[in-house]
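Undergrad: Please find upload-v6.tsv (TSV, C-alpha atoms and all ligand atoms) on the next line:
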```
chain	number	residue	atom	x	y	z
A	5	MET	CA	31.72	13.46	21.81
A	6	PRO	CA	29.10	14.04	19.10
A	7	LEU	CA	26.83	11.15	18.36
A	8	GLN	CA	28.02	9.36	15.26
A	9	THR	CA	25.50	8.54	12.62
A	10	THR	CA	26.11	6.50	9.54
A	11	THR	CA	24.29	6.59	6.26
A	12	ASP	CA	27.28	5.58	4.21
A	13	ALA	CA	26.29	2.26	2.68
A	14	ALA	CA	29.85	0.96	2.83
A	15	GLU	CA	29.82	1.13	6.65
A	16	LEU	CA	26.58	-0.76	7.07
A	17	PRO	CA	26.25	-4.56	7.24
A	18	SER	CA	25.68	-6.24	3.94
A	19	HIS	CA	22.57	-8.31	3.42
A	20	ASP	CA	22.62	-11.58	1.57
A	21	GLN	CA	21.36	-11.55	-1.96
A	22	VAL	CA	19.06	-14.19	-3.32
A	23	SER	CA	21.63	-16.28	-5.13
A	24	ASP	CA	23.48	-16.75	-1.85
A	25	PRO	CA	20.65	-16.80	0.63
A	26	GLY	CA	22.81	-17.89	3.58
A	27	ILE	CA	20.16	-20.37	4.62
A	28	ARG	CA	20.33	-21.41	8.25
A	29	HIS	CA	18.25	-24.21	9.64
A	30	PHE	CA	16.42	-23.86	12.91
A	31	ALA	CA	15.40	-27.47	13.56
A	32	THR	CA	13.46	-27.69	10.29
A	33	LYS	CA	12.15	-30.93	8.86
A	34	ARG	CA	11.92	-31.67	5.15
A	35	TYR	CA	8.16	-31.33	5.10
A	36	ARG	CA	8.36	-31.47	1.30
A	37	ASP	CA	9.09	-35.20	1.51
A	38	SER	CA	5.44	-35.74	2.48
A	39	LEU	CA	4.13	-33.91	-0.59
A	40	THR	CA	2.69	-36.12	-3.33
A	41	LYS	CA	3.52	-35.73	-7.00
A	42	GLU	CA	0.07	-34.14	-7.47
A	43	ASP	CA	0.79	-31.68	-4.65
A	44	CYS	CA	4.06	-30.63	-6.27
A	45	LEU	CA	2.45	-30.19	-9.69
A	46	GLU	CA	-0.35	-28.16	-8.09
A	47	MET	CA	2.21	-25.87	-6.44
A	48	PHE	CA	3.85	-25.40	-9.84
A	49	ARG	CA	0.46	-24.49	-11.37
A	50	GLN	CA	-0.17	-22.01	-8.56
A	51	LEU	CA	3.15	-20.29	-9.28
A	52	TYR	CA	1.98	-19.79	-12.87
A	53	LEU	CA	-1.37	-18.56	-11.61
A	54	ALA	CA	0.16	-15.94	-9.31
A	55	ARG	CA	2.52	-14.81	-12.09
A	56	TYR	CA	-0.25	-14.66	-14.67
A	57	PHE	CA	-2.41	-12.53	-12.37
A	58	ASP	CA	0.43	-10.02	-12.23
A	59	VAL	CA	1.28	-10.09	-15.93
A	60	ARG	CA	-2.35	-9.87	-17.02
A	61	LEU	CA	-3.26	-6.93	-14.77
A	62	ILE	CA	-0.28	-4.94	-16.06
A	63	LYS	CA	-1.39	-5.71	-19.63
A	64	GLU	CA	-4.98	-4.70	-18.84
A	65	LYS	CA	-3.80	-1.38	-17.41
A	66	LYS	CA	-1.51	-0.70	-20.39
A	67	ARG	CA	-4.47	-1.39	-22.69
A	68	GLY	CA	-6.48	1.22	-20.78
A	69	ARG	CA	-8.97	-1.32	-19.43
A	70	LEU	CA	-7.96	-0.88	-15.78
A	71	ARG	CA	-7.14	2.00	-13.43
A	72	GLY	CA	-5.41	2.24	-10.05
A	73	THR	CA	-1.97	1.38	-8.72
A	74	LEU	CA	-0.70	-2.20	-9.03
A	75	TYR	CA	1.75	-3.64	-6.50
A	76	SER	CA	3.55	-6.45	-8.25
A	77	SER	CA	4.41	-9.77	-6.60
A	78	HIS	CA	6.44	-10.82	-9.66
A	79	ASN	CA	9.47	-12.89	-8.55
A	80	GLN	CA	7.96	-13.33	-5.03
A	81	GLU	CA	5.29	-15.92	-5.87
A	82	ALA	CA	7.08	-18.86	-4.25
A	83	ILE	CA	6.65	-17.17	-0.87
A	84	LEU	CA	2.88	-17.01	-1.26
A	85	VAL	CA	2.42	-20.49	-2.73
A	86	GLY	CA	4.92	-22.20	-0.41
A	87	SER	CA	3.47	-20.62	2.73
A	88	LEU	CA	-0.21	-21.14	1.92
A	89	PHE	CA	-0.08	-24.67	0.61
A	90	GLY	CA	0.20	-26.51	3.94
A	91	LEU	CA	-2.34	-24.46	5.89
A	92	ARG	CA	-5.66	-25.83	7.07
A	93	SER	CA	-8.90	-24.24	5.91
A	94	THR	CA	-9.45	-23.03	9.46
A	95	ASP	CA	-6.12	-21.16	9.65
A	96	TRP	CA	-6.02	-17.39	9.27
A	97	ILE	CA	-3.87	-15.25	6.99
A	98	SER	CA	-3.18	-11.52	6.81
A	99	PRO	CA	-1.84	-10.52	3.37
A	100	ILE	CA	-0.82	-6.94	2.51
A	101	HIS	CA	-0.08	-4.91	-0.64
A	102	ARG	CA	2.60	-7.26	-2.06
A	103	ASP	CA	0.46	-10.38	-1.60
A	104	MET	CA	-2.64	-9.87	-3.74
A	105	PRO	CA	-2.65	-13.48	-5.10
A	106	ALA	CA	-2.83	-14.77	-1.50
A	107	PHE	CA	-6.48	-13.73	-1.35
A	108	PHE	CA	-7.45	-16.33	-3.97
A	109	LEU	CA	-4.66	-18.86	-3.30
A	110	LYS	CA	-5.78	-19.47	0.29
A	111	ASP	CA	-7.31	-22.94	0.44
A	112	ALA	CA	-7.11	-23.17	-3.37
A	113	LYS	CA	-5.48	-26.60	-3.41
A	114	PHE	CA	-7.18	-28.60	-6.25
A	115	GLN	CA	-10.38	-26.55	-5.93
A	116	TRP	CA	-9.70	-23.16	-7.46
A	117	ALA	CA	-13.24	-22.54	-8.68
A	118	GLU	CA	-15.05	-23.85	-5.57
A	119	LEU	CA	-16.92	-20.79	-4.28
A	120	ASP	CA	-17.41	-22.17	-0.76
A	121	ARG	CA	-13.73	-22.72	-0.09
A	122	MET	CA	-11.98	-20.64	2.57
A	123	GLY	CA	-10.37	-18.07	0.29
A	124	LEU	CA	-11.75	-15.31	-1.87
A	125	SER	CA	-12.93	-16.32	-5.33
A	126	ILE	CA	-11.17	-15.00	-8.41
A	127	GLN	CA	-14.46	-13.22	-9.20
A	128	GLN	CA	-14.31	-11.32	-5.90
A	129	VAL	CA	-10.64	-10.43	-6.31
A	130	CYS	CA	-11.09	-9.21	-9.89
A	131	SER	CA	-14.16	-7.21	-8.84
A	132	GLN	CA	-11.98	-5.62	-6.17
A	133	VAL	CA	-9.30	-4.70	-8.71
A	134	TRP	CA	-11.90	-3.26	-11.10
A	135	GLY	CA	-13.81	-1.47	-8.32
A	136	ARG	CA	-17.12	-3.23	-8.81
A	137	VAL	CA	-20.12	-3.87	-6.60
A	138	ASP	CA	-19.28	-7.57	-6.14
A	139	SER	CA	-15.95	-6.79	-4.48
A	140	PRO	CA	-15.50	-7.13	-0.72
A	141	GLY	CA	-14.48	-3.45	-0.54
A	142	ARG	CA	-17.29	-2.25	-2.86
A	143	ALA	CA	-14.94	0.03	-4.86
A	144	ARG	CA	-13.47	1.86	-1.87
A	145	ASP	CA	-10.04	0.61	-2.97
A	146	ASN	CA	-8.71	-1.35	-5.95
A	147	TRP	CA	-6.23	-3.45	-4.02
A	148	SER	CA	-5.56	-5.26	-0.76
A	149	HIS	CA	-7.65	-3.30	1.76
A	150	ILE	CA	-10.00	-6.20	2.12
A	151	GLY	CA	-10.59	-9.16	4.38
A	152	SER	CA	-13.22	-11.68	5.32
A	153	LYS	CA	-14.01	-12.99	8.78
A	154	GLU	CA	-15.94	-15.83	7.18
A	155	LYS	CA	-12.98	-16.84	4.98
A	156	ARG	CA	-10.47	-16.26	7.78
A	157	ILE	CA	-8.58	-13.47	6.07
A	158	ILE	CA	-7.66	-10.59	8.37
A	159	HIS	CA	-8.47	-7.23	6.84
A	160	SER	CA	-5.27	-5.51	5.76
A	161	THR	CA	-4.41	-2.09	7.16
A	162	SER	CA	-2.23	0.51	5.45
A	163	MET	CA	0.08	0.93	8.42
A	164	LEU	CA	3.03	-1.38	7.94
A	165	ALA	CA	3.09	-4.26	10.48
A	166	GLY	CA	-0.32	-3.06	11.68
A	167	THR	CA	-1.94	-6.43	11.05
A	168	ILE	CA	0.40	-8.37	13.39
A	169	PRO	CA	-1.25	-7.21	16.65
A	170	VAL	CA	-4.66	-7.88	15.11
A	171	ALA	CA	-3.51	-11.35	14.06
A	172	ALA	CA	-2.18	-12.01	17.57
A	173	GLY	CA	-5.54	-11.01	19.03
A	174	VAL	CA	-7.46	-13.21	16.60
A	175	VAL	CA	-5.56	-16.39	17.53
A	176	TYR	CA	-5.52	-15.44	21.21
A	177	ALA	CA	-9.32	-15.42	21.08
A	178	ASP	CA	-9.35	-18.66	19.08
A	179	ARG	CA	-7.19	-20.40	21.71
A	180	MET	CA	-9.45	-19.15	24.51
A	181	ASN	CA	-12.35	-20.71	22.60
A	182	GLY	CA	-10.52	-24.04	22.35
A	183	GLY	CA	-9.44	-23.68	18.71
A	184	ASP	CA	-6.10	-24.73	17.22
A	185	ALA	CA	-5.88	-22.24	14.35
A	186	VAL	CA	-2.59	-20.68	13.32
A	187	VAL	CA	-2.26	-17.25	11.73
A	188	VAL	CA	0.28	-16.47	9.02
A	189	THR	CA	1.04	-12.75	8.65
A	190	TYR	CA	2.80	-11.30	5.61
A	191	ASN	CA	5.16	-8.35	5.94
A	192	GLY	CA	7.95	-6.70	4.01
A	193	GLU	CA	11.38	-6.32	5.58
A	194	GLY	CA	10.72	-2.57	5.81
A	195	SER	CA	7.84	-3.13	8.19
A	196	THR	CA	10.19	-4.77	10.72
A	197	ALA	CA	11.58	-1.31	11.52
A	198	GLN	CA	8.17	-0.22	12.84
A	199	GLY	CA	7.57	-0.06	16.59
A	200	VAL	CA	4.33	-1.98	16.28
A	201	PHE	CA	6.20	-4.92	14.71
A	202	HIS	CA	8.28	-5.34	17.87
A	203	GLU	CA	5.38	-4.81	20.27
A	204	ALA	CA	3.21	-7.32	18.47
A	205	VAL	CA	5.82	-10.06	18.06
A	206	ASN	CA	6.88	-9.59	21.68
A	207	PHE	CA	3.27	-9.90	22.83
A	208	ALA	CA	2.86	-13.09	20.77
A	209	ALA	CA	6.13	-14.49	22.20
A	210	VAL	CA	5.20	-13.77	25.81
A	211	HIS	CA	1.78	-15.40	25.40
A	212	LYS	CA	3.07	-18.21	23.14
A	213	LEU	CA	0.53	-17.35	20.48
A	214	PRO	CA	0.42	-19.28	17.18
A	215	VAL	CA	1.55	-16.36	15.01
A	216	VAL	CA	3.85	-17.06	12.06
A	217	THR	CA	5.38	-13.78	10.90
A	218	ILE	CA	6.64	-14.03	7.34
A	219	ILE	CA	9.14	-11.41	6.24
A	220	GLU	CA	9.28	-11.06	2.48
A	221	ASN	CA	12.76	-9.59	2.30
A	222	ASN	CA	12.78	-8.22	-1.23
A	223	GLN	CA	15.73	-5.96	-0.35
A	224	TRP	CA	13.78	-2.70	-0.82
A	225	ALA	CA	11.15	-0.77	1.11
A	226	TYR	CA	9.95	1.71	-1.50
A	227	GLY	CA	13.28	3.57	-2.18
A	228	THR	CA	15.03	2.43	1.03
A	229	PRO	CA	17.47	-0.47	0.78
A	230	VAL	CA	17.33	-3.10	3.52
A	231	ARG	CA	20.73	-2.12	4.92
A	232	LEU	CA	19.23	1.25	5.93
A	233	GLY	CA	16.33	-0.40	7.75
A	234	CYS	CA	17.96	-3.27	9.58
A	235	ALA	CA	21.39	-3.38	11.24
A	236	THR	CA	21.68	-7.16	11.51
A	237	PRO	CA	22.86	-9.22	8.51
A	238	ASP	CA	19.62	-11.22	8.46
A	239	VAL	CA	16.21	-9.81	9.32
A	240	ALA	CA	15.43	-13.16	10.95
A	241	ASP	CA	18.02	-12.26	13.61
A	242	ARG	CA	15.37	-10.03	15.13
A	243	ALA	CA	13.77	-13.24	16.45
A	244	LYS	CA	16.60	-13.72	18.96
A	245	GLY	CA	15.50	-10.67	20.92
A	246	PHE	CA	12.04	-12.18	21.40
A	247	GLY	CA	13.33	-15.65	22.28
A	248	ILE	CA	11.58	-17.28	19.33
A	249	PRO	CA	12.80	-19.24	16.28
A	250	GLY	CA	13.98	-17.26	13.26
A	251	TYR	CA	13.97	-19.29	10.07
A	252	ILE	CA	15.55	-18.24	6.80
A	253	ALA	CA	14.09	-19.52	3.56
A	254	ASP	CA	15.22	-19.22	-0.03
A	255	GLY	CA	12.25	-17.18	-1.22
A	256	GLN	CA	12.82	-18.27	-4.82
A	257	ASP	CA	12.32	-21.94	-3.94
A	258	VAL	CA	8.71	-22.87	-3.23
A	259	PHE	CA	9.73	-26.12	-1.51
A	260	ASP	CA	12.22	-24.44	0.80
A	261	VAL	CA	9.57	-21.88	1.78
A	262	TYR	CA	7.17	-24.78	2.39
A	263	ASP	CA	9.69	-26.55	4.68
A	264	LYS	CA	10.42	-23.47	6.76
A	265	VAL	CA	6.84	-22.23	7.03
A	266	MET	CA	5.54	-25.69	7.91
A	267	SER	CA	8.19	-25.93	10.64
A	268	ALA	CA	6.93	-22.63	12.03
A	269	VAL	CA	3.28	-23.65	11.63
A	270	GLU	CA	3.72	-26.98	13.42
A	271	PHE	CA	5.71	-25.26	16.18
A	272	ALA	CA	2.87	-22.75	16.60
A	273	ARG	CA	0.07	-25.33	16.41
A	274	SER	CA	1.68	-27.46	19.10
A	275	GLY	CA	1.46	-24.53	21.52
A	276	GLN	CA	5.15	-23.56	21.50
A	277	GLY	CA	4.52	-20.06	20.20
A	278	PRO	CA	5.37	-17.72	17.35
A	279	SER	CA	8.28	-17.59	14.91
A	280	ILE	CA	9.67	-15.39	12.19
A	281	VAL	CA	10.30	-16.77	8.71
A	282	GLU	CA	12.48	-14.53	6.58
A	283	CYS	CA	12.15	-15.32	2.88
A	284	LYS	CA	15.00	-13.88	0.83
A	285	THR	CA	13.85	-12.53	-2.51
A	286	PHE	CA	14.05	-9.47	-4.73
A	287	ARG	CA	11.41	-6.93	-5.80
A	288	ALA	CA	11.23	-7.26	-9.58
A	289	TYR	CA	9.69	-3.85	-10.39
A	290	GLY	CA	9.08	-0.55	-8.61
A	291	HIS	CA	7.26	-0.31	-5.31
A	292	GLY	CA	4.04	0.08	-7.30
A	293	ASP	CA	3.72	0.62	-11.04
A	294	HIS	CA	3.81	4.41	-10.44
A	295	ASP	CA	7.40	3.86	-9.21
A	296	ASP	CA	8.68	1.63	-12.05
A	297	ASP	CA	10.63	4.33	-13.88
A	298	ARG	CA	12.12	5.82	-10.71
A	299	ALA	CA	13.09	2.38	-9.38
A	300	ASN	CA	15.16	1.84	-12.51
A	301	LYS	CA	17.15	4.91	-11.47
A	302	TYR	CA	17.55	4.35	-7.74
A	303	ARG	CA	18.48	0.69	-8.28
A	304	ASP	CA	21.55	-0.44	-10.13
A	305	PRO	CA	20.68	-2.43	-13.32
A	306	ALA	CA	23.22	-5.09	-12.27
A	307	GLU	CA	21.42	-5.49	-8.94
A	308	ILE	CA	18.06	-5.92	-10.68
A	309	GLU	CA	19.48	-8.49	-13.09
A	310	HIS	CA	21.09	-10.39	-10.23
A	311	GLY	CA	17.95	-10.28	-8.10
A	312	ARG	CA	15.82	-11.71	-10.89
A	313	LEU	CA	18.22	-14.44	-11.99
A	314	ARG	CA	16.53	-17.25	-10.10
A	315	ASP	CA	12.92	-17.05	-11.21
A	316	PRO	CA	10.68	-19.12	-8.86
A	317	ILE	CA	8.95	-20.79	-11.82
A	318	ALA	CA	12.30	-21.96	-13.25
A	319	VAL	CA	13.56	-23.10	-9.83
A	320	CYS	CA	10.40	-25.15	-9.24
A	321	ARG	CA	10.49	-26.63	-12.75
A	322	GLN	CA	14.04	-27.83	-12.18
A	323	SER	CA	13.00	-29.51	-8.90
A	324	LEU	CA	10.12	-31.27	-10.67
A	325	LEU	CA	12.50	-32.48	-13.38
A	326	ASP	CA	14.95	-33.74	-10.75
A	327	LEU	CA	12.12	-35.57	-9.00
A	328	GLY	CA	11.01	-37.13	-12.30
A	329	TYR	CA	7.54	-35.55	-11.95
A	330	ILE	CA	7.72	-33.91	-15.39
A	331	SER	CA	9.44	-34.97	-18.58
A	332	ALA	CA	11.92	-32.85	-20.53
A	333	GLU	CA	9.20	-32.23	-23.16
A	334	GLU	CA	6.68	-31.12	-20.53
A	335	ALA	CA	9.29	-28.82	-19.02
A	336	GLU	CA	9.53	-26.93	-22.30
A	337	MET	CA	5.81	-26.31	-22.68
A	338	PHE	CA	5.21	-23.06	-20.77
A	339	ILE	CA	8.18	-20.73	-20.42
A	340	ALA	CA	6.95	-17.77	-18.39
A	341	GLU	CA	10.08	-17.12	-16.37
A	342	GLY	CA	12.24	-14.10	-16.95
A	343	LYS	CA	9.55	-12.39	-19.02
A	344	ASN	CA	8.11	-9.01	-18.13
A	345	ALA	CA	4.44	-8.31	-18.75
A	346	SER	CA	5.25	-6.82	-22.15
A	347	GLU	CA	7.08	-9.99	-23.22
A	348	ALA	CA	4.87	-12.75	-21.77
A	349	THR	CA	1.90	-14.04	-23.76
A	350	ASN	CA	-1.00	-16.35	-22.90
A	351	GLU	CA	0.89	-19.20	-24.60
A	352	ASP	CA	3.53	-18.99	-21.85
A	353	PHE	CA	0.98	-20.19	-19.28
A	354	PRO	CA	-1.06	-23.39	-18.83
A	355	PRO	CA	-4.52	-22.90	-20.40
A	356	GLU	CA	-6.36	-23.61	-17.13
A	357	VAL	CA	-4.53	-20.68	-15.55
A	358	VAL	CA	-5.59	-18.31	-18.34
A	359	ASP	CA	-9.18	-19.64	-18.25
A	360	TYR	CA	-9.44	-19.22	-14.49
A	361	LEU	CA	-8.36	-15.59	-14.61
A	362	ASN	CA	-10.54	-14.91	-17.65
A	363	SER	CA	-13.55	-16.10	-15.67
A	364	GLY	CA	-12.71	-13.61	-12.90
A	365	ILE	CA	-12.16	-10.70	-15.28
A	366	GLU	CA	-15.32	-11.41	-17.28
A	367	PHE	CA	-17.32	-11.51	-14.07
A	368	ALA	CA	-15.81	-8.22	-12.86
A	369	LEU	CA	-16.42	-6.42	-16.14
A	370	ALA	CA	-20.07	-7.49	-16.06
A	371	SER	CA	-20.47	-6.35	-12.46
A	372	PRO	CA	-21.77	-2.77	-12.04
A	373	GLN	CA	-20.05	0.00	-10.16
A	374	PRO	CA	-21.63	0.76	-6.77
A	375	GLU	CA	-24.06	3.66	-6.54
A	376	ALA	CA	-22.47	6.89	-5.31
A	377	GLU	CA	-25.11	7.09	-2.53
A	378	GLU	CA	-23.49	4.20	-0.68
A	379	GLY	CA	-20.27	6.20	-0.15
A	380	GLY	CA	-20.98	6.70	3.55
A	381	MET	CA	-21.67	3.01	4.16
A	382	TRP	CA	-19.32	1.56	6.82
A	383	VAL	CA	-18.05	5.08	7.49
A	384	PHE	CA	-20.92	6.95	9.15
A	385	LYS	CA	-23.51	5.46	11.49
A	386	GLU	CA	-26.97	6.44	10.36
A	387	SER	CA	-28.87	8.13	13.17
A	388	LYS	CA	-32.26	6.57	13.82
A	401	LIG	C1	3.79	3.08	9.03
A	401	LIG	C2	3.90	3.28	7.56
A	401	LIG	N1	4.87	4.04	7.04
A	401	LIG	C3	4.96	4.24	5.70
A	401	LIG	C4	4.04	3.67	4.86
A	401	LIG	C5	4.14	3.90	3.34
A	401	LIG	N2	4.61	2.67	2.71
A	401	LIG	C6	3.73	1.77	2.18
A	401	LIG	S1	4.49	0.42	1.61
A	401	LIG	C7	6.02	1.01	2.03
A	401	LIG	C8	7.27	0.21	1.78
A	401	LIG	C9	7.16	-1.12	2.45
A	401	LIG	O1	8.34	-1.84	2.29
A	401	LIG	P1	8.41	-3.31	2.79
A	401	LIG	O2	7.85	-3.42	4.17
A	401	LIG	O3	9.79	-3.78	2.61
A	401	LIG	O4	7.39	-4.09	1.81
A	401	LIG	P2	7.49	-4.22	0.22
A	401	LIG	O5	6.71	-3.09	-0.35
A	401	LIG	O6	8.91	-4.18	-0.17
A	401	LIG	O7	6.86	-5.53	-0.09
A	401	LIG	C10	5.92	2.26	2.61
A	401	LIG	C11	7.07	3.06	3.10
A	401	LIG	C12	3.02	2.89	5.44
A	401	LIG	N3	2.10	2.30	4.70
A	401	LIG	N4	2.97	2.68	6.78
A	402	MG	MG	10.58	-4.81	0.94
```
Using structure tokens, write down the structure from this file.
TA:
Amino acid sequence: MPLQTTTDAAELPSHDQVSDPGIRHFATKRYRDSLTKEDCLEMFRQLYLARYFDVRLIKEKKRGRLRGTLYSSHNQEAILVGSLFGLRSTDWISPIHRDMPAFFLKDAKFQWAELDRMGLSIQQVCSQVWGRVDSPGRARDNWSHIGSKEKRIIHSTSMLAGTIPVAAGVVYADRMNGGDAVVVTYNGEGSTAQGVFHEAVNFAAVHKLPVVTIIENNQWAYGTPVRLGCATPDVADRAKGFGIPGYIADGQDVFDVYDKVMSAVEFARSGQGPSIVECKTFRAYGHGDHDDDRANKYRDPAEIEHGRLRDPIAVCRQSLLDLGYISAEEAEMFIAEGKNASEATNEDFPPEVVDYLNSGIEFALASPQPEAEEGGMWVFKESK
């Protein structure tokens, strides 16, 4: 009998959409109940910051002040903010192309402009985007191919899921040295179809390594829908095969992401091993801005509208209102949600957010481009 293959979407399992995230609980605590009012307001501000970074870079490129491909995290900011907020300074992260704000949000809690904190400064990140000498990558790339051992950020690799084995090795070494650091790795759902994903998570499971693998399930891997990359209804189901917890978070809700990631982090820190945290979300634009027009053709407009209905800024604002942490008047002050880069203005964001990014951009624009002669640096070993 010939082998049957199926590429007919109707025959494949359907994956939950964001408005019905099918949230399952794997022994999670409501870690959010320990957050103070100030913590919650700070998380709200960080959502605006991540969104403004995205909106502003798109504007800068449209104005002709910036070159290079941009990979938007619009609509996925709650995953970054909710996962980073509870980490210790000494924990490691490994962001990839969809996670650019993570580089400056790491350890940013109440100290955005502190240069000694354990994340990259906004000056460094903007210098990276503008290809300037003060960037960690010294203009070899305009995006996420950067890292910092000092700041505990694992250098991203282009190969999808390629940072998970590196992350596992980093915390394996840390444990051998008596440390208690946890590593949080960021991956799209598409990367879970890579062989290295399975090898690395299996290795971490066998050795009970403190590796938290976040899956940002934005339903698309470039032009491939999730149903053509994963045969189980939830990507988190992959955890069962490794004998580890698989959490599912509502990726539009910063506090739900916080609960699930903190459950995984505490599980890892206590020596019980790795977990997978699937965060259900939706990719707002194309894969990169070069793909925006095509993505409007290979994705149904109704799907895009549905996927962007629950903007993480609006969801968080409603939670803050329900908690009584902001008044109805305060809730109406900065309406950034639902607006594309062409629609949003500086007035839609808190002034401190705009000022912070301005300081990064001004620094980058004043920073020179590296000399061409240094092109071989880090690539070729000079012979003595
Ligand atoms: C092994 C490998 N194959 C293909 C690519 C090219 N590529 C870069 S990003 C991407 C899509 C990734 O999709 P997903 O993992 O869902 O992350 P998302 O971009 O949606 O955040 C592809 C195919 C790559 N970088 N590495
Ligand atoms: Mg994806």
Undergrad: Around ligand MG 402 (chain A), out to 8 Å and counting all atoms listed in the file, which residues are there? I want them as a PDB file with C-alpha atoms, in the frame of the given file.
TA:
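What ended up in part_38.pdb:
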```
ATOM      1  CA  GLY A 192       7.950  -6.700   4.010  1.00  0.00           C
ATOM      2  CA  GLU A 193      11.380  -6.320   5.580  1.00  0.00           C
ATOM      3  CA  GLY A 194      10.720  -2.570   5.810  1.00  0.00           C
ATOM      4  CA  SER A 195       7.840  -3.130   8.190  1.00  0.00           C
ATOM      5  CA  GLU A 220       9.280 -11.060   2.480  1.00  0.00           C
ATOM      6  CA  ASN A 221      12.760  -9.590   2.300  1.00  0.00           C
ATOM      7  CA  ASN A 222      12.780  -8.220  -1.230  1.00  0.00           C
ATOM      8  CA  GLN A 223      15.730  -5.960  -0.350  1.00  0.00           C
ATOM      9  CA  TRP A 224      13.780  -2.700  -0.820  1.00  0.00           C
ATOM     10  CA  ALA A 225      11.150  -0.770   1.110  1.00  0.00           C
ATOM     11  CA  TYR A 226       9.950   1.710  -1.500  1.00  0.00           C
ATOM     12  CA  VAL A 230      17.330  -3.100   3.520  1.00  0.00           C
ATOM     13  CA  ARG A 287      11.410  -6.930  -5.800  1.00  0.00           C
TER      14      ARG A 287
END
```
Undergrad: Measuring atom to atom with all atoms listed in the file, identify which of A:Pro140, A:Gly151, A:Gly233, A:Gly173 is nearest to ligand LIG 401 (chain A).
TA: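 The closest residue to ligand LIG 401 (chain A) is A:Gly233.
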Undergrad: To one decimal place, how far is atom CA of A:Val205 from atom CA of A:Leu91 in Å?
TA: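 Here the two named atoms are 20.5 Å from each other.
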Undergrad: Env of stretch 370-381 of chain A: 10 Å cut, atoms = only C-alpha atoms, seq-sep filter 6 positions within chain, self excluded. Answer as a count of residues only.
TA: 11
Undergrad: For stretch 60-76 of chain A, work out the shell of residues within 6 Å, counting all atoms listed in the file and skipping chain neighbours fewer than 3 positions away, then give it as a short mmCIF file (atom, residue, chain, number, x, y, z; two decimals) with C-alpha atoms, in the frame of the given file.
TA:
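New file around.cif:
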```cif
data_model
loop_
_atom_site.label_atom_id
_atom_site.label_comp_id
_atom_site.auth_asym_id
_atom_site.auth_seq_id
_atom_site.Cartn_x
_atom_site.Cartn_y
_atom_site.Cartn_z
CA TYR A 56 -0.25 -14.66 -14.67
CA PHE A 57 -2.41 -12.53 -12.37
CA ARG A 102 2.60 -7.26 -2.06
CA GLY A 292 4.04 0.08 -7.30
CA ASP A 293 3.72 0.62 -11.04
#
```
Undergrad: Quick one: 4 Å padding each side, axis-aligned, all listed atoms of ligand LIG 401 (chain A) - centre and edge lengths in Å to one decimal, as AutoDock Vina command-line options?
TA:
```
--center_x 5.9 --center_y -0.6 --center_z 4.3 --size_x 15.7 --size_y 17.8 --size_z 17.4
```
Undergrad: Compare A:Glu366, A:Glu282, A:Glu333, A:Asp111 by their minimum atom-to-atom distance to ligand LIG 401 (chain A), counting all atoms listed in the file, and give me the closest one.
TA: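 For ligand LIG 401 (chain A), the nearest of the given residues is A:Glu282.
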Undergrad: Any idea what the distance is between atom CA of A:Thr94 and atom CA of A:Asp263?
TA: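 One can read the atom CA of A:Thr94 to atom CA of A:Asp263 distance as 20.0 Å.
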Undergrad: So which one's closest to ligand LIG 401 (chain A), A:Asp184, A:Asp43, A:Glu356, A:Asp103? Using only C-alpha atoms and all ligand atoms, please.
TA: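 Distance minimum relative to ligand LIG 401 (chain A) lands on A:Asp103.
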Undergrad: Calculate how many Å separate atom CA of A:Arg231 from atom CA of A:Arg303, rounding to one decimal.
TA: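 Atom-to-atom, atom CA of A:Arg231 to atom CA of A:Arg303, that is 13.7 Å.
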Undergrad: Hey, which of A:Cys44, A:Ala117, A:Leu164, A:Leu53 ends up closest to ligand LIG 401 (chain A)? Count only C-alpha atoms and all ligand atoms.
TA: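 Checking each of A:Cys44, A:Ala117, A:Leu164, A:Leu53 against ligand LIG 401 (chain A), counting only C-alpha atoms and all ligand atoms, the winner is A:Leu164.
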Undergrad: For ligand LIG 401 (chain A), which residue among A:Val133, A:Ile157, A:Cys283, A:Leu313 is the nearest when counting only C-alpha atoms and all ligand atoms?
TA: A:Cys283
Undergrad: For a cutoff of 9 Å around the file-coordinate point (-3.4, -14.5, 0.5), which residues qualify once you count only C-alpha atoms? I'd like the result as a PyMOL selection string.
TA: chain A and resi 84-85+88+97-100+103-110+123-124+157+190
Undergrad: Excluding A:Asp257 and its own-chain neighbours fewer than 4 positions away, which residues fall within 12 Å of it when counting all atoms listed in the file? Please give them as number ranges by chain.
TA: A: 22-23, 25, 27, 36, 47-48, 51, 79-87, 252-253, 261-264, 283-285, 314-324
Undergrad: Using all atoms listed in the file, which of A:Gly245, A:Gly141, A:Gly90, A:Gly199 sits nearest ligand LIG 401 (chain A)?
TA: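 Residue with the minimum atom-to-atom distance to ligand LIG 401 (chain A): A:Gly199.
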Undergrad: Step by step: locate stretch 67-78 of chain A in the block above, keep C-alpha atoms, then write the file as a JSON list (two decimals), in the first residue's frame.
TA:
```json
[["chain", "number", "residue", "atom", "x", "y", "z"],
["A", 67, "ARG", "CA", 11.47, 57.73, 6.85],
["A", 68, "GLY", "CA", 14.67, 56.39, 5.29],
["A", 69, "ARG", "CA", 16.70, 56.78, 8.49],
["A", 70, "LEU", "CA", 17.28, 53.05, 8.98],
["A", 71, "ARG", "CA", 18.21, 50.05, 6.82],
["A", 72, "GLY", "CA", 18.01, 46.28, 7.31],
["A", 73, "THR", "CA", 15.22, 43.80, 7.94],
["A", 74, "LEU", "CA", 13.01, 44.24, 11.01],
["A", 75, "TYR", "CA", 11.38, 41.24, 12.71],
["A", 76, "SER", "CA", 8.38, 42.56, 14.55],
["A", 77, "SER", "CA", 7.33, 41.40, 18.01],
["A", 78, "HIS", "CA", 4.10, 43.43, 17.77]]
```
